[in-house]
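These notes are about the structure you will find just below.
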Amino acid sequence: VVAGFLAGSGWLLIQGAVMMIIGDRNLVDLLVRPEGQQAVANLYVAVVFSIVMVFAIRRSTSPLTMPLILIGGGLLFYGMLAVIGVGSEQARAMQWLPAMPAGPGFALPQPVDVVTSADWSVVLQALPAIISVALLGMVGLLLNTSGLEVATRQEIDADAELRTTGIANIVAGGFGGAPGFTGLSMTLLANRMGAKARSVGIATALMLALMLPFAGELAGAMPTFIAAGLMIALGIELIQDWLWRTRTQLPRMEWLVVLAIPLGMAAFGFMGGMALGLALSIASFVYNYARLSVIRVNASLRERKSSIDRPPAENSLIELEGEQVQVLELQEFLFFGTAEQIIEAIRRRQQDRSRLSLRFVVIDFRRVSGMDAAAAATFVKIRNLLAGSEVELVFSSLSPEIEQALARNGIDFVSDPCVGRERDLDHALERCEERLIAAISREETWQDIEDYFAQTIGPSARLKDLVASMEEIRLQPGDRFIRAGEAGEDLFLLWTGRAKVEAVLANGKRLRLRTVKPGVVLGEIAIYRGGPRTADVVAEVPST
């Protein structure tokens with residue numbers, strides 16, 4: 001959009017230069033009437049002058065190149081007038097010099113007169129238009145600032161520009177001045193001339209202040225072809241840099257957006273062109289963003305298990321039955337253009353007859369930044385699709401905003417048996433694992449501790465001695481039987497109940513690392529490494 005804005009600004013400069021010379025004359029006037037033919041000849045001279053200026057700027061990097069061309073063009077013009085004996089008024093009649101406005105010369109109103117002589121009832125009626133002008137000025141300033149950042153490859157403080165422009169407009173308004181903001185063309189002209197120091201702006205302001213009483217006479221002495229040629233040259237440079245060169249630097253779709261902005265400005269004006277460019281860029285963004293995958297992981301419970309330490313029999317069951325759980329980890333912002341990817345992924349999995357039928361679909365939102373109402377409605381469609389096949393839909397890592405959006409669109413987290421909710425993905429995976437292994441009891445796997453060791457490490461005549469050396473410890477919920485930092489001298493076998501392994505973070509909060517089920521050995525890491533315990537282990541339910 002910025003490249004299109006700069007290219008469109010180039011077109012507007014060229015258009016303004018042409019209008020400066022030919023005015024509002026139609027094609028018949030330009031071709032038939034003498035004054036029209038004279039305007040065409042003047043335009044031809046301005047175009048030639050702009051070509052000379054562009055050629056010289058590209059051949060020379062000296063900051064004096066452009067001033068010398070402008071001064072040389074003015075001297076050549078007035079030298080020609082002296083040779084052919086044409087005076088200023090005659091040159092003005094031939095449109096070689098701009099027409100001088102009739103009326104008094106330079107005069108500034110006093111701030112007190114502006115306030116006292118104003119018709120405030122009219123001012124109040126025009127207040128909406130005044131506010132619109134201020135907003136348009138702010139938008140214009142931000143666009144020019146963004147364009148200058150790109151064109152000069154330098155960072156510009158937009159806040160400082162807004163503050164400075166606001167103060168300047170307040171001061172200028174006190175003397176009856178019109179609102180304004182940073183000029184794109186003049187700034188780029190100064191940059192082309194190599195005038196980049198802060199002192200250049202100060203010197204320019206001082207020179208303008210000194211010349212202000214003679215502004216009319218100076219403007220009337222500027223040959224029309226020089227002013228128009230300068231504008232055409234700047235317009236050509238902008239179009240060359242931001243329309244022609246970018247055709248090889250940008251993807252075709254993005255370059256077409258750049259092209260559409262100056263074409264829109266030519267057809268519908270500045271605001272129409274910018275609106276067209278913004279609309280096309282938004283459409284292009286939506287199209288390209290919709291093609292990006294919002295599914296970060298699409299796996300089954302075989303590949304994406306919970307952090308629970310389980311005995312071998314349960315792990316084997318999960319390996320066998322894990323295909324019945326589809327795990328989708330989502331990412332980025334979800335909207336109507338991307339949410340359909342989720343439905344399609346679930347539909348493809350349901351239609352895959354080479355795999356076990358689905359029983360659970362887990363959708364994790366930890367990396368989702370937000371979603372719109374259309375995306376929220378999509379999950380209602382997913383719920384209905386799965387409910388027809390008796391598949392449970394489990395949501396995890398929902399932010400309050402996303403949870404509210406889902407609830408508003410019809411997802412019932414409280415009473416709907418087809419919908420579940422867990423605080424994070426690990427608990428959602430644990431939920432599905434527990435459902436899959438719910439039919440298997442511990443007694444069906446091993447009869448006693450000696451039988452457990454025989455199945456896990458193999459039969460041995462010393463197993464009875466190992467069991468006899470073990471001490472039974474009964475734990476209540478919250479009992480901490482392994483502490484981080486303590487010496488690791490004992491091994492623990494969780495026989496009944498459930499425990500959790502957790503670590504203490506720097507902020508004092510506790511983080512669950514994993515959950516431990518019966519049949520799991522604990523405390524072996526400290527013994528292997530010969531160092532202190534690395535984490536706490538706490539009973540969650542009455543355990544042995």
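Each chain of the structure tokens is named A, B, ... in the order shown, its residues numbered from 1; ligands are numbered from 1 in display order.
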### Query
Near region 181-184 of chain A, counting only C-alpha atoms, which residues have an atom at most 6 Å away, once you skip same-chain residues fewer than 5 positions from it, shown as a ChimeraX atom specification?
/A:141,144,165
How would the residues just picked look written out with N, CA and C atoms as a PDB file, in the first residue's frame?
```pdb
ATOM      1  N   LEU A 141      -0.693  12.891   7.022  1.00  0.00           N
ATOM      2  CA  LEU A 141       0.622  12.953   7.657  1.00  0.00           C
ATOM      3  C   LEU A 141       1.186  11.557   7.880  1.00  0.00           C
ATOM      4  N   ASN A 144       2.225  10.057   4.538  1.00  0.00           N
ATOM      5  CA  ASN A 144       3.469  10.668   4.059  1.00  0.00           C
ATOM      6  C   ASN A 144       4.665  10.198   4.885  1.00  0.00           C
ATOM      7  N   THR A 165       3.524  18.841  13.976  1.00  0.00           N
ATOM      8  CA  THR A 165       2.534  19.321  13.009  1.00  0.00           C
ATOM      9  C   THR A 165       1.352  19.972  13.712  1.00  0.00           C
TER      10      THR A 165
END
```
### Message
When DSSP is applied to the backbone of this structure, which of region 174-403 of chain A are assigned strand (DSSP E or B)? Write them out as a count of residues only.
### Response
34
#### Entry: Non-local contacts of Ala339 (chain A) (9 Å; only C-alpha atoms; under 3 positions in same chain excluded) as an MDAnalysis selection string
chainID A and resid 290 294 334:336 342:343 374:376 378:379
What would the file look like if the residues just selected were written as a PDB file, in the first residue's frame with N, CA and C atoms?
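Generated output (again.pdb):
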```pdb
ATOM      1  N   ALA A 290      -5.621 -17.125   4.657  1.00  0.00           N
ATOM      2  CA  ALA A 290      -6.490 -18.303   4.692  1.00  0.00           C
ATOM      3  C   ALA A 290      -5.776 -19.545   4.177  1.00  0.00           C
ATOM      4  N   VAL A 294      -3.619 -23.330  10.132  1.00  0.00           N
ATOM      5  CA  VAL A 294      -3.791 -22.986  11.544  1.00  0.00           C
ATOM      6  C   VAL A 294      -3.673 -24.231  12.411  1.00  0.00           C
ATOM      7  N   LEU A 334      -7.883 -17.314  14.387  1.00  0.00           N
ATOM      8  CA  LEU A 334      -8.862 -18.102  13.651  1.00  0.00           C
ATOM      9  C   LEU A 334      -9.971 -17.185  13.133  1.00  0.00           C
ATOM     10  N   PHE A 335     -10.263 -17.275  11.856  1.00  0.00           N
ATOM     11  CA  PHE A 335     -11.389 -16.535  11.296  1.00  0.00           C
ATOM     12  C   PHE A 335     -12.049 -17.412  10.238  1.00  0.00           C
ATOM     13  N   PHE A 336     -13.082 -16.860   9.600  1.00  0.00           N
ATOM     14  CA  PHE A 336     -13.900 -17.675   8.706  1.00  0.00           C
ATOM     15  C   PHE A 336     -13.090 -18.335   7.598  1.00  0.00           C
ATOM     16  N   ILE A 342     -10.035 -26.836  10.000  1.00  0.00           N
ATOM     17  CA  ILE A 342     -10.215 -27.734  11.138  1.00  0.00           C
ATOM     18  C   ILE A 342     -11.310 -28.749  10.838  1.00  0.00           C
ATOM     19  N   ILE A 343     -12.421 -28.285  10.281  1.00  0.00           N
ATOM     20  CA  ILE A 343     -13.498 -29.206   9.910  1.00  0.00           C
ATOM     21  C   ILE A 343     -13.000 -30.220   8.898  1.00  0.00           C
ATOM     22  N   ALA A 374     -17.436 -15.968  13.301  1.00  0.00           N
ATOM     23  CA  ALA A 374     -17.618 -17.014  12.293  1.00  0.00           C
ATOM     24  C   ALA A 374     -16.819 -18.260  12.643  1.00  0.00           C
ATOM     25  N   ALA A 375     -15.604 -18.071  13.152  1.00  0.00           N
ATOM     26  CA  ALA A 375     -14.785 -19.218  13.560  1.00  0.00           C
ATOM     27  C   ALA A 375     -15.419 -19.932  14.752  1.00  0.00           C
ATOM     28  N   ALA A 376     -15.971 -19.146  15.698  1.00  0.00           N
ATOM     29  CA  ALA A 376     -16.630 -19.758  16.856  1.00  0.00           C
ATOM     30  C   ALA A 376     -17.812 -20.613  16.416  1.00  0.00           C
ATOM     31  N   THR A 378     -18.010 -22.181  13.710  1.00  0.00           N
ATOM     32  CA  THR A 378     -17.475 -23.384  13.069  1.00  0.00           C
ATOM     33  C   THR A 378     -17.340 -24.525  14.070  1.00  0.00           C
ATOM     34  N   PHE A 379     -16.992 -24.221  15.319  1.00  0.00           N
ATOM     35  CA  PHE A 379     -16.829 -25.275  16.317  1.00  0.00           C
ATOM     36  C   PHE A 379     -18.175 -25.870  16.728  1.00  0.00           C
TER      37      PHE A 379
END
```
### Query
From the list A:Arg483, A:Arg408, A:Arg498, A:Arg421, which residue is nearest Asp364 (chain A) when using only C-alpha atoms?
A:Arg421
### Task
Using only C-alpha atoms, find the one residue out of A:Asn288, A:Ser117, A:Gln240, A:Thr224 that sits nearest to Gly4 (chain A).
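Distance minimum relative to Gly4 (chain A) lands on A:Gln240.
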### Task
Could you give me, as a list in words, the residues within 9 Å of Ile402 (chain A), counting only C-alpha atoms and dropping anything in the same chain fewer than 2 positions from it?
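The neighbour list is Phe365, Gly370, Met371, Ala376, Leu398, Ser399, Pro400, Gln404, Ala405, Leu406 and Ala407 of chain A.
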May I have the residues from that selection written out with C-alpha atoms, as a PDB file, in the first residue's frame?
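Ended up saving to part12.pdb:
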```pdb
ATOM      1  CA  PHE A 365      -5.954 -23.459  21.848  1.00  0.00           C
ATOM      2  CA  GLY A 370      -8.039 -15.048  19.075  1.00  0.00           C
ATOM      3  CA  MET A 371     -10.944 -15.775  16.770  1.00  0.00           C
ATOM      4  CA  ALA A 376     -16.630 -19.758  16.856  1.00  0.00           C
ATOM      5  CA  LEU A 398      -9.088 -21.952  26.393  1.00  0.00           C
ATOM      6  CA  SER A 399      -8.623 -18.274  27.203  1.00  0.00           C
ATOM      7  CA  PRO A 400     -11.610 -16.577  28.888  1.00  0.00           C
ATOM      8  CA  GLN A 404     -17.021 -16.917  26.112  1.00  0.00           C
ATOM      9  CA  ALA A 405     -17.146 -16.698  22.311  1.00  0.00           C
ATOM     10  CA  LEU A 406     -17.710 -20.460  22.044  1.00  0.00           C
ATOM     11  CA  ALA A 407     -20.398 -20.368  24.731  1.00  0.00           C
TER      12      ALA A 407
END
```
### Query
With only C-alpha atoms as the atoms that count, which of A:Gly508, A:Gly337, A:Gly264, A:Pro312 lies nearest to Phe453 (chain A)?
A:Pro312
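Between Ala387 (chain A) and the candidates A:Ser293, A:Ser369, A:Leu358, A:Pro98, the tightest atom-to-atom separation, counting only C-alpha atoms, involves A:Leu358.
Distance annotation: of A:Leu238, A:Leu218, A:Leu328, A:Leu30, the residue with the minimal separation from Leu97 (chain A) is A:Leu218; atom set is only C-alpha atoms.
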### Message
If I take CA of Glu319 (chain A) and CA of Ile363 (chain A), how far is one from the other in Å, to one decimal?
### Response
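Interatomic distance here is 20.3 Å.
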### Task
Choose the residue, out of A:Gln37, A:Ile14, A:Gly269, A:Val139, that has the smallest atom-to-atom separation from Ala233 (chain A); count only C-alpha atoms.
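Comparing A:Gln37, A:Ile14, A:Gly269, A:Val139 against Ala233 (chain A), the winner is A:Ile14.
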### Message
Would you pick out the contacts of Phe413 (chain A) at 12 Å or less, using only C-alpha atoms, so that residues sharing its chain but fewer than 3 positions from it are not included, and give the list as a VMD selection string?
### Response
chain A and resid 380 383 392 to 396 398 403 to 404 406 to 410 416 to 422
### Query
Can you tell me, as JSON, numbers by chain, what residues are no more than 12 Å from region 76-85 of chain A when counting only C-alpha atoms, ignoring any on the same chain fewer than 6 positions away?
{"A": [45, 49, 68, 69, 70, 91, 92, 94, 96, 97, 221, 222, 223, 224, 225, 226]}
Got a sec: who's within 7 Å of Ala535 (chain A), counting only C-alpha atoms, leaving out chain neighbours fewer than 5 positions off, as an mmCIF file with C-alpha atoms, in the first residue's frame?
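Wrote it out as selection-v8.cif, contents follow:
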```cif
data_model
loop_
_atom_site.group_PDB
_atom_site.id
_atom_site.type_symbol
_atom_site.label_atom_id
_atom_site.label_comp_id
_atom_site.auth_asym_id
_atom_site.auth_seq_id
_atom_site.Cartn_x
_atom_site.Cartn_y
_atom_site.Cartn_z
ATOM 1 C CA ARG A 483 11.827 -33.566 48.014
ATOM 2 C CA ALA A 484 14.002 -31.694 45.536
ATOM 3 C CA VAL A 501 5.971 -34.865 40.036
ATOM 4 C CA GLU A 502 6.339 -31.100 40.324
ATOM 5 C CA ALA A 503 8.983 -28.382 40.281
#
```
### d(CA of Ile308 (chain A), CA of Glu390 (chain A)) in Å
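Between these atoms lies a distance of 26.4 Å.
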